[in-house]
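Source file: entry.txt. Holds: compact mmCIF, C-alpha atoms and all ligand atoms.
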# COMPACT_ATOMS: atom_id res chain seq x y z
CA MET A 1 0.00 0.00 0.00
CA ALA A 2 2.65 2.43 1.01
CA ASN A 3 4.38 1.33 -2.13
CA ILE A 4 1.66 2.81 -4.36
CA ALA A 5 2.03 6.11 -2.52
CA ALA A 6 5.80 6.17 -2.90
CA GLN A 7 5.69 5.11 -6.56
CA ARG A 8 3.21 7.82 -7.35
CA ILE A 9 5.07 10.54 -5.49
CA LYS A 10 8.20 9.56 -7.42
CA ARG A 11 6.37 10.01 -10.72
CA GLU A 12 4.75 13.24 -9.61
CA PHE A 13 8.01 14.58 -8.37
CA LYS A 14 9.45 14.25 -11.85
CA GLU A 15 6.31 15.76 -13.33
CA VAL A 16 6.49 18.84 -11.11
CA ILE A 17 10.19 19.32 -11.77
CA LYS A 18 9.55 19.25 -15.52
CA SER A 19 6.46 21.47 -15.37
CA GLU A 20 6.18 24.97 -16.80
CA GLU A 21 5.31 26.39 -13.38
CA VAL A 22 8.71 25.35 -12.04
CA ALA A 23 10.38 26.96 -15.02
CA LYS A 24 8.55 30.17 -14.11
CA CYS A 25 9.53 29.72 -10.43
CA ALA A 26 5.86 29.69 -9.43
CA ILE A 27 5.95 26.34 -7.59
CA LYS A 28 8.61 24.00 -6.29
CA VAL A 29 8.84 20.65 -4.46
CA GLU A 30 11.74 19.13 -2.55
CA LEU A 31 12.15 15.79 -0.82
CA VAL A 32 12.61 15.95 2.93
CA ASN A 33 13.21 12.23 3.52
CA ASP A 34 14.16 9.31 1.28
CA ASN A 35 10.95 7.34 1.53
CA TYR A 36 8.81 9.98 -0.19
CA THR A 37 6.50 10.51 2.79
CA GLU A 38 7.57 14.04 3.61
CA LEU A 39 8.13 16.85 1.17
CA LYS A 40 8.68 20.56 1.20
CA GLY A 41 6.63 22.66 -1.17
CA GLU A 42 7.06 26.26 -2.17
CA ILE A 43 4.68 28.63 -3.91
CA ALA A 44 5.25 32.15 -5.13
CA GLY A 45 2.70 34.73 -4.03
CA PRO A 46 0.46 35.45 -7.03
CA PRO A 47 0.76 38.84 -8.75
CA ASP A 48 -1.76 41.59 -7.89
CA THR A 49 -2.32 40.19 -4.40
CA PRO A 50 -0.85 41.24 -1.03
CA TYR A 51 1.28 38.07 -1.30
CA GLU A 52 3.08 39.19 -4.48
CA GLY A 53 6.84 38.90 -4.26
CA GLY A 54 6.66 36.51 -1.30
CA ASN A 55 7.80 32.92 -1.22
CA PHE A 56 5.68 30.58 0.90
CA VAL A 57 7.01 27.29 2.24
CA LEU A 58 4.67 24.35 2.83
CA GLU A 59 4.98 21.14 4.78
CA ILE A 60 3.59 18.19 2.80
CA ARG A 61 3.00 14.82 4.47
CA VAL A 62 1.97 11.94 2.23
CA PRO A 63 -0.29 9.40 3.95
CA GLU A 64 0.08 5.66 3.28
CA THR A 65 -3.30 5.72 1.55
CA TYR A 66 -2.22 8.38 -0.98
CA PRO A 67 -3.57 9.06 -3.63
CA PHE A 68 -6.88 7.73 -2.33
CA ASN A 69 -6.66 10.25 0.50
CA PRO A 70 -5.26 13.78 0.19
CA PRO A 71 -1.78 14.81 1.35
CA LYS A 72 -1.62 16.72 4.63
CA VAL A 73 -0.43 20.23 3.88
CA ARG A 74 0.21 23.28 6.06
CA PHE A 75 2.01 26.59 5.69
CA ILE A 76 5.35 26.80 7.44
CA THR A 77 5.78 30.43 6.39
CA LYS A 78 3.56 32.63 8.53
CA ILE A 79 0.77 34.17 6.48
CA TRP A 80 -2.24 36.48 7.02
CA HIS A 81 -5.12 34.91 5.11
CA PRO A 82 -8.75 34.09 6.03
CA ASN A 83 -8.42 30.41 5.07
CA ILE A 84 -5.04 29.80 6.69
CA SER A 85 -4.40 29.79 10.44
CA SER A 86 -2.05 32.63 11.39
CA VAL A 87 -1.00 30.47 14.36
CA THR A 88 -0.53 26.93 13.02
CA GLY A 89 -0.52 27.36 9.24
CA ALA A 90 -3.43 24.91 8.94
CA ILE A 91 -5.31 25.28 5.67
CA CYS A 92 -9.04 25.22 5.01
CA LEU A 93 -9.37 24.08 1.40
CA ASP A 94 -12.02 21.67 0.11
CA ILE A 95 -9.67 19.64 -2.11
CA LEU A 96 -7.49 18.87 0.91
CA LYS A 97 -10.62 17.48 2.60
CA ASP A 98 -13.79 16.00 1.11
CA GLN A 99 -13.30 17.32 -2.43
CA TRP A 100 -10.05 15.45 -2.93
CA ALA A 101 -9.96 13.20 -6.01
CA ALA A 102 -7.44 10.45 -6.65
CA ALA A 103 -6.36 11.94 -9.98
CA MET A 104 -5.11 15.12 -8.30
CA THR A 105 -1.38 15.54 -7.83
CA LEU A 106 1.13 17.59 -5.85
CA ARG A 107 1.18 19.98 -8.77
CA THR A 108 -2.60 20.50 -8.68
CA VAL A 109 -2.46 20.94 -4.89
CA LEU A 110 0.24 23.61 -5.10
CA LEU A 111 -1.58 25.41 -7.91
CA SER A 112 -4.84 25.29 -5.94
CA LEU A 113 -3.10 26.81 -2.93
CA GLN A 114 -1.74 29.54 -5.14
CA ALA A 115 -5.28 30.13 -6.41
CA LEU A 116 -6.47 30.28 -2.80
CA LEU A 117 -4.03 33.13 -2.16
CA SER A 118 -5.62 35.01 -5.08
CA ALA A 119 -9.19 34.27 -4.08
CA ALA A 120 -9.87 33.93 -0.35
CA GLU A 121 -13.14 32.47 0.86
CA PRO A 122 -13.93 34.41 4.06
CA ASP A 123 -17.26 32.61 4.47
CA ASP A 124 -15.43 29.34 5.05
CA PRO A 125 -12.65 30.61 7.29
CA GLN A 126 -9.82 28.88 9.06
CA ASP A 127 -8.78 32.02 10.94
CA ALA A 128 -11.87 33.84 12.26
CA VAL A 129 -9.98 37.03 13.19
CA VAL A 130 -8.49 37.40 9.72
CA ALA A 131 -11.80 36.56 8.04
CA LYS A 132 -13.61 39.21 10.09
CA GLN A 133 -11.04 41.83 9.12
CA PHE A 134 -11.25 40.73 5.47
CA LYS A 135 -15.02 41.23 5.47
CA GLU A 136 -15.14 44.45 7.52
CA ASN A 137 -12.02 46.30 6.46
CA ILE A 138 -10.53 44.98 3.24
CA ASP A 139 -7.91 47.76 2.99
CA MET A 140 -6.64 47.03 6.47
CA PHE A 141 -6.58 43.33 5.61
CA GLN A 142 -4.51 43.95 2.48
CA MET A 143 -2.01 46.17 4.27
CA THR A 144 -1.65 43.61 7.04
CA ALA A 145 -1.25 40.69 4.62
CA ARG A 146 1.34 42.67 2.66
CA HIS A 147 3.24 43.43 5.85
CA TRP A 148 3.28 39.74 6.85
CA THR A 149 4.47 38.86 3.34
CA ASN A 150 7.30 41.35 3.72
CA VAL A 151 8.37 40.10 7.14
CA TYR A 152 7.94 36.33 6.77
CA ALA A 153 8.00 35.58 3.02
CA GLY A 154 10.53 38.11 1.75
CA GLY A 155 8.02 40.38 0.03
CA PRO A 156 9.25 43.80 -1.15
CA HIS A 157 6.77 46.15 0.58
CA VAL A 158 8.10 47.59 3.84
CA ASN A 159 5.48 49.25 6.02
CA THR A 160 7.40 51.69 8.24
CA GLU A 161 4.31 52.72 10.23
CA PHE A 162 3.57 49.11 11.18
CA ASN A 163 7.21 48.42 11.98
CA GLU A 164 7.30 51.43 14.27
CA LYS A 165 4.29 50.23 16.26
CA ILE A 166 5.87 46.81 16.64
CA LYS A 167 9.06 48.48 17.84
CA ARG A 168 7.08 50.34 20.52
CA LEU A 169 5.68 47.05 21.85
CA GLN A 170 9.08 45.38 21.62
CA ASP A 171 10.44 48.17 23.81
CA MET A 172 7.87 47.15 26.40
CA GLY A 173 9.33 43.66 26.36
CA VAL A 174 6.91 42.02 23.92
CA ASP A 175 8.24 39.50 21.41
CA ASP A 176 8.00 40.86 17.85
CA HIS A 177 5.73 38.11 16.50
CA GLN A 178 3.37 38.42 19.46
CA ALA A 179 3.28 42.17 18.93
CA ARG A 180 2.54 41.69 15.22
CA VAL A 181 -0.31 39.27 15.94
CA ALA A 182 -1.88 41.59 18.52
CA LEU A 183 -1.60 44.67 16.30
CA SER A 184 -2.87 42.79 13.24
CA SER A 185 -5.86 41.50 15.22
CA TYR A 186 -6.79 45.01 16.40
CA ASN A 187 -6.42 46.77 13.04
CA TRP A 188 -3.05 48.20 14.15
CA ASP A 189 -4.62 50.12 17.03
CA LEU A 190 -1.60 50.35 19.35
CA GLU A 191 -3.64 51.12 22.46
CA ARG A 192 -6.00 48.19 22.14
CA ALA A 193 -3.20 45.83 21.18
CA THR A 194 -1.18 46.92 24.23
CA GLU A 195 -4.22 46.54 26.45
CA GLN A 196 -4.89 43.06 25.12
CA LEU A 197 -1.26 41.98 25.48
CA PHE A 198 -0.92 43.21 29.04
CA THR A 199 -4.32 42.11 30.38
CA ALA A 200 -3.50 38.67 28.98
CA ARG A 201 -0.24 38.79 30.91
CA LEU A 202 -1.93 40.05 34.03
CA THR A 203 -4.46 37.23 34.03
CA LEU A 204 -1.62 34.80 33.46
CA VAL A 205 0.22 36.21 36.47
CA ILE A 206 -2.94 36.05 38.60
CA PHE A 207 -3.61 32.45 37.63
CA VAL A 208 -0.03 31.42 38.25
CA MET B 209 1.25 20.90 -22.18
CA SER B 210 4.03 18.39 -21.71
CA GLU B 211 4.10 17.95 -25.48
CA LYS B 212 5.50 21.39 -25.95
CA SER B 213 8.37 20.91 -23.54
CA GLU B 214 9.05 17.45 -24.97
CA ASN B 215 9.48 18.76 -28.50
CA ALA B 216 11.51 21.72 -27.37
CA LYS B 217 13.88 19.38 -25.61
CA VAL B 218 14.17 16.77 -28.33
CA HIS B 219 15.14 18.90 -31.28
CA PRO B 220 18.19 20.87 -30.26
CA SER B 221 19.97 18.18 -28.25
CA GLU B 222 19.27 14.99 -30.19
CA SER B 223 18.89 16.11 -33.77
CA GLY B 224 21.93 14.11 -34.78
CA SER B 225 20.77 10.66 -33.78
CA GLY B 226 17.28 10.85 -35.24
CA SER B 227 16.00 8.50 -32.55
CA GLY B 228 15.14 11.39 -30.28
CA ALA B 229 11.98 12.24 -32.17
CA THR B 230 10.64 8.69 -32.01
CA ASP B 231 11.43 8.54 -28.32
CA GLY B 232 9.35 11.64 -27.79
CA GLU B 233 6.56 10.17 -29.88
CA ASP B 234 6.56 6.93 -27.90
CA LYS B 235 6.39 8.79 -24.68
CA LYS B 236 3.50 10.89 -25.88
CA ASP B 237 1.55 7.83 -27.01
CA GLY B 238 2.35 5.92 -23.84
CA SER B 239 1.01 8.63 -21.57
CA THR B 240 -2.38 8.41 -23.28
CA PHE B 241 -2.84 4.98 -21.72
CA GLU B 242 -1.68 5.81 -18.23
CA CYS B 243 -4.02 5.15 -15.34
CA ASN B 244 -5.34 8.42 -13.92
CA ILE B 245 -4.77 7.21 -10.38
CA CYS B 246 -1.38 5.48 -10.22
CA LEU B 247 -0.06 7.33 -13.32
CA ASP B 248 1.44 4.03 -14.55
CA THR B 249 0.39 2.17 -17.70
CA ALA B 250 -3.12 0.93 -16.92
CA ARG B 251 -3.29 -2.77 -16.01
CA ASP B 252 -6.66 -4.57 -16.12
CA ALA B 253 -7.81 -1.37 -17.75
CA VAL B 254 -11.31 -0.05 -17.42
CA VAL B 255 -12.82 3.13 -18.80
CA SER B 256 -15.60 5.15 -17.14
CA MET B 257 -18.67 6.44 -18.99
CA CYS B 258 -17.01 9.89 -18.94
CA GLY B 259 -14.10 8.38 -20.85
CA HIS B 260 -11.41 8.30 -18.17
CA LEU B 261 -8.99 5.40 -18.05
CA PHE B 262 -7.96 3.54 -14.86
CA CYS B 263 -6.50 0.30 -13.66
CA TRP B 264 -9.41 -1.68 -12.29
CA PRO B 265 -7.67 -2.24 -8.91
CA CYS B 266 -6.99 1.51 -8.63
CA LEU B 267 -10.56 2.54 -9.47
CA HIS B 268 -11.95 -0.16 -7.19
CA GLN B 269 -9.92 1.14 -4.26
CA TRP B 270 -11.04 4.71 -4.97
CA LEU B 271 -14.70 3.64 -4.97
CA GLU B 272 -14.12 1.74 -1.72
CA THR B 273 -12.56 4.85 -0.17
CA LYS B 274 -15.64 6.95 -0.89
CA PRO B 275 -18.64 4.62 -0.75
CA ASN B 276 -21.17 7.45 -0.36
CA ASN B 277 -19.87 9.79 -3.01
CA GLN B 278 -18.81 7.84 -6.05
CA VAL B 279 -17.37 10.29 -8.53
CA CYS B 280 -14.80 10.09 -11.31
CA PRO B 281 -11.36 10.93 -9.86
CA VAL B 282 -10.65 13.12 -12.90
CA CYS B 283 -13.84 15.01 -13.80
CA LYS B 284 -16.03 14.23 -10.76
CA ALA B 285 -18.86 12.93 -12.93
CA VAL B 286 -21.03 10.40 -11.11
CA ILE B 287 -19.49 7.01 -11.62
CA ASN B 288 -20.90 3.53 -11.17
CA LYS B 289 -19.00 0.30 -10.67
CA ASP B 290 -21.48 -1.47 -12.97
CA LYS B 291 -21.07 1.06 -15.73
CA VAL B 292 -17.35 0.95 -16.36
CA VAL B 293 -16.18 -0.80 -19.49
CA PRO B 294 -13.21 -3.20 -19.37
CA LEU B 295 -10.70 -2.86 -22.19
CA TYR B 296 -9.31 -6.03 -23.70
CA GLY B 297 -6.30 -5.36 -25.88
CA ARG B 298 -4.99 -7.77 -28.47
CA GLY B 299 -3.24 -10.68 -26.79
CA SER B 300 -4.88 -9.91 -23.48
CA THR B 301 -6.35 -13.44 -23.41
CA ASN B 302 -2.83 -14.76 -22.92
CA GLN B 303 -2.64 -12.98 -19.62
CA GLN B 304 -4.17 -14.30 -16.46
CA ASP B 305 -7.89 -13.74 -16.29
CA PRO B 306 -8.22 -10.53 -14.23
CA ARG B 307 -11.43 -11.78 -12.68
CA GLU B 308 -9.51 -14.50 -10.89
CA LYS B 309 -7.70 -11.81 -8.98
CA LEU B 310 -9.29 -9.59 -6.38
CA PRO B 311 -11.14 -7.37 -6.85
CA PRO B 312 -13.02 -8.92 -9.76
CA ARG B 313 -13.21 -6.63 -12.74
CA PRO B 314 -16.74 -6.11 -14.07
CA SER B 315 -17.27 -7.94 -17.33
CA GLY B 316 -18.17 -6.33 -20.61
CA GLN B 317 -21.82 -6.02 -21.48
CA ARG B 318 -22.41 -7.81 -24.70
CA THR B 319 -25.75 -7.52 -26.44
CA GLU B 320 -26.60 -10.70 -28.36
CA PRO B 321 -27.38 -10.30 -32.03
CA GLU B 322 -31.11 -10.34 -32.93
CA PRO B 323 -32.39 -13.92 -32.82
CA GLY B 324 -33.97 -15.50 -35.91
CA SER B 325 -37.68 -15.22 -36.66
CA ALA B 326 -38.42 -18.63 -35.12
CA PHE B 327 -40.50 -17.18 -32.30
CA SER B 328 -42.43 -14.53 -34.15
CA GLY B 329 -45.52 -16.75 -34.37
CA PHE B 330 -46.21 -16.66 -30.67
CA GLY B 331 -47.41 -13.11 -30.55
CA LEU B 332 -44.44 -12.23 -28.38
CA GLY B 333 -42.38 -9.78 -30.39
CA GLU B 334 -38.64 -9.64 -30.28
CA ASN B 335 -38.93 -6.96 -27.62
CA GLY B 336 -40.80 -9.42 -25.47
CA PHE B 337 -38.00 -11.87 -25.97
CA HIS B 338 -35.36 -9.41 -24.90
CA MET B 339 -37.32 -8.38 -21.87
CA SER B 340 -37.93 -11.85 -20.52
CA PHE B 341 -34.37 -12.75 -21.36
CA GLY B 342 -33.05 -9.75 -19.43
CA ILE B 343 -35.08 -10.51 -16.34
CA GLY B 344 -34.79 -14.25 -16.41
CA VAL B 345 -31.15 -14.68 -17.20
CA PHE B 346 -29.53 -13.38 -14.07
CA PRO B 347 -29.78 -16.43 -11.79
CA PHE B 348 -29.28 -18.76 -14.75
CA GLY B 349 -26.26 -16.83 -15.83
CA PHE B 350 -24.89 -17.52 -12.42
CA PHE B 351 -25.42 -21.25 -12.93
CA THR B 352 -23.86 -21.29 -16.34
CA SER B 353 -20.78 -19.68 -14.96
CA MET B 354 -20.79 -22.38 -12.28
CA PHE B 355 -20.82 -25.06 -14.97
CA ASN B 356 -17.81 -23.50 -16.56
CA PHE B 357 -15.93 -23.33 -13.34
CA GLY B 358 -12.18 -23.53 -13.80
CA GLU B 359 -12.30 -22.67 -17.46
CA LEU B 360 -10.45 -19.60 -18.60
CA ARG B 361 -12.46 -17.68 -21.08
CA PRO B 362 -13.67 -14.13 -21.72
CA SER B 363 -17.16 -13.36 -20.45
CA ALA B 364 -18.98 -13.77 -23.77
CA ALA B 365 -17.99 -16.51 -26.18
CA PRO B 366 -17.13 -15.49 -29.74
CA ARG B 367 -19.70 -16.27 -32.39
CA GLY B 368 -19.59 -19.63 -34.11
CA THR B 369 -17.63 -21.47 -31.42
CA PRO B 370 -19.23 -24.43 -29.67
CA GLN B 371 -19.38 -22.20 -26.60
CA HIS B 372 -21.52 -19.72 -28.50
CA MET B 373 -23.82 -22.49 -29.77
CA GLU B 374 -24.19 -23.76 -26.25
CA GLU B 375 -25.11 -20.34 -24.97
CA GLN B 376 -27.61 -19.96 -27.78
CA PHE B 377 -29.09 -23.30 -26.89
CA LEU B 378 -29.29 -22.43 -23.22
CA SER B 379 -30.93 -19.10 -23.85
CA LYS B 380 -33.48 -20.76 -26.12
CA LEU B 381 -34.12 -23.36 -23.46
CA PHE B 382 -34.70 -20.70 -20.85
CA LEU B 383 -36.97 -18.83 -23.22
CA TRP B 384 -39.08 -21.91 -23.59
CA LEU B 385 -39.15 -22.38 -19.85
CA ALA B 386 -40.22 -18.77 -19.46
CA LEU B 387 -42.98 -19.21 -22.05
CA LEU B 388 -44.23 -22.34 -20.29
CA PHE B 389 -44.23 -20.43 -17.03
CA LEU B 390 -46.21 -17.63 -18.65
CA ALA B 391 -48.70 -20.10 -20.06
CA TRP B 392 -49.04 -21.68 -16.65
CA LEU B 393 -49.69 -18.28 -15.14
CA ILE B 394 -52.38 -17.52 -17.68
CA PHE B 395 -54.18 -20.86 -17.67
CA ALA B 396 -53.83 -21.92 -14.07
ZN ZN C 401 -3.63 2.53 -11.80
ZN ZN C 402 -14.30 11.35 -15.71

Spell out the structure here as structure tokens.
Amino acid sequence: MANIAAQRIKREFKEVIKSEEVAKCAIKVELVNDNYTELKGEIAGPPDTPYEGGNFVLEIRVPETYPFNPPKVRFITKIWHPNISSVTGAICLDILKDQWAAAMTLRTVLLSLQALLSAAEPDDPQDAVVAKQFKENIDMFQMTARHWTNVYAGGPHVNTEFNEKIKRLQDMGVDDHQARVALSSYNWDLERATEQLFTARLTLVIFV
Amino acid sequence: MSEKSENAKVHPSESGSGSGATDGEDKKDGSTFECNICLDTARDAVVSMCGHLFCWPCLHQWLETKPNNQVCPVCKAVINKDKVVPLYGRGSTNQQDPREKLPPRPSGQRTEPEPGSAFSGFGLGENGFHMSFGIGVFPFGFFTSMFNFGELRPSAAPRGTPQHMEEQFLSKLFLWLALLFLAWLIFA
């Protein structure tokens, strides 16, 4: 059984390497171990999205029942997107769940994820906070997503205002990622983010 | 899509040998008959009503994986185990009968040629014949395959062979039995 999975991944691996998308640097796959059960994927942020210019790394685990069941995929690169958890990188995408079909391949999965970056589905969210922001304040969402792309995925757009606010929280002893999450969640309102960060700490102290 | 890259690769590097082009051609042809699930050359090939090719073991496992939502792995058209067509290539009879292996591959559906006019006098048209044949044959078909136990042969015998004659005879016999049964129903 596991043999079918490994055989198929081997074939697919060659297919992806030969594909046009690889030539255009849009997608990439690498082996992590020798028995074809763990791979590393990479997708380029699609143009005309806040993810443009970023490079997003994915963890791909191939189950023994592949291709009858989908591969398990999550984002390793931190990303701000309604259908991707900003905490764990878990992805909410139908083809990775009940809409999987045995004829799909690593290539189709990576291309679908790229399409997901272009077209979010906030009504079927993985990250409720991001989805809410996406629906209520699309400009704020795009600026935040672009900032995350710059910091975590090597995107080109530096947001000095956001960086300054993070610096302020860092000066108060907050870790930069924690500061970024708090500010992102409160539409970059420094006061509310600070309040949230420190009440959380206070309750922690009280409980301890 | 892969064709383009294939050609692009073949011409500049292997123009001297001349075998490069045929290699590319072979590859292109071969991929047409690859199973859509394992991506290997299809073995015990079956084709769905939507025209997609699979190994029977691969498709069977896919249908087992999703018993409540049986769709084509390629185009997601509704798919039915009983409505896939097995493909028998030339020389495939030399191979082991796929039905002896698990899972059994569904057999081809072969419509018998129109029977002669021997029964037209009974007021039962040829349609009537086909109908009673279709309903009545299932359990009998089971028995006939029991009689032939251990014999390797494709599901329907070719015309003109003794096997074919025997099947013809059996179907006529069952028709007569069915007619007698009908008569009994009417007159009893
Ligand atoms: Zn197959
Ligand atoms: Zn199909």

Check: For chain B, which residue out of A:Lys78, A:Arg201, A:Arg168, A:Arg8 is the nearest one, using all atoms listed in the file?
Finding: A:Arg8

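Restricting the calculation to only C-alpha atoms and all ligand atoms, the smallest distance between ligand ZN 401 (chain C) and any of A:Leu58, A:Ala103, A:Ala90, A:Val16 is found for A:Ala103.
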
Item checked: Contact residues (chain B, partner chain A, 9 Å, all atoms listed in the file) as a list in words -> Met209, Ser210, Ser213, Cys243, Asn244, Ile245, Cys246, Leu247, Asp248, Cys266, Leu267, Gln269, Trp270, Thr273, Lys274, Val279, Cys280, Pro281, Val282, Cys283 and Lys284 of chain B

Next item on the list: Within 8 Å of range 41-51 of chain A, counting all atoms listed in the file, which residues show up once you throw out same-chain ones fewer than 3 positions away? Write them as a ChimeraX atom specification, please.
Entry: /A:25-30,54-60,110,114-115,117-118,142-143,145-146,149,155

Check: Excluding same-chain residues fewer than 6 positions from Gly297 in chain B, what lies within 12 Å of it counting all atoms listed in the file, as number ranges by chain?
Finding: B: 241, 250-254, 303

Next item on the list: For Thr160 in chain A, please output as a list of chain:residue names all residues within 12 Å (counting only C-alpha atoms; exclusion window: fewer than 3 positions along the same chain).
Entry: A:Met143, A:His147, A:Asn150, A:Val151, A:His157, A:Asn163, A:Glu164, A:Lys165, A:Ile166, A:Lys167

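We find CA of Ile394 in chain B and CA of Glu375 in chain B to be spaced 28.4 Å apart.
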
Next item on the list: Neighbourhood query: residues within 9 Å of (-18.1, -1.4, -15.0), file coordinates, counting only C-alpha atoms; return as a PyMOL selection string.
Entry: chain B and resi 254-257+288-294+313-317

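For the pair CA of Gln170 in chain A and CA of Leu202 in chain A, the interatomic distance is 17.4 Å.
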
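If you look at CA of Leu381 in chain B and CA of Thr319 in chain B, they are 18.2 Å away from each other.
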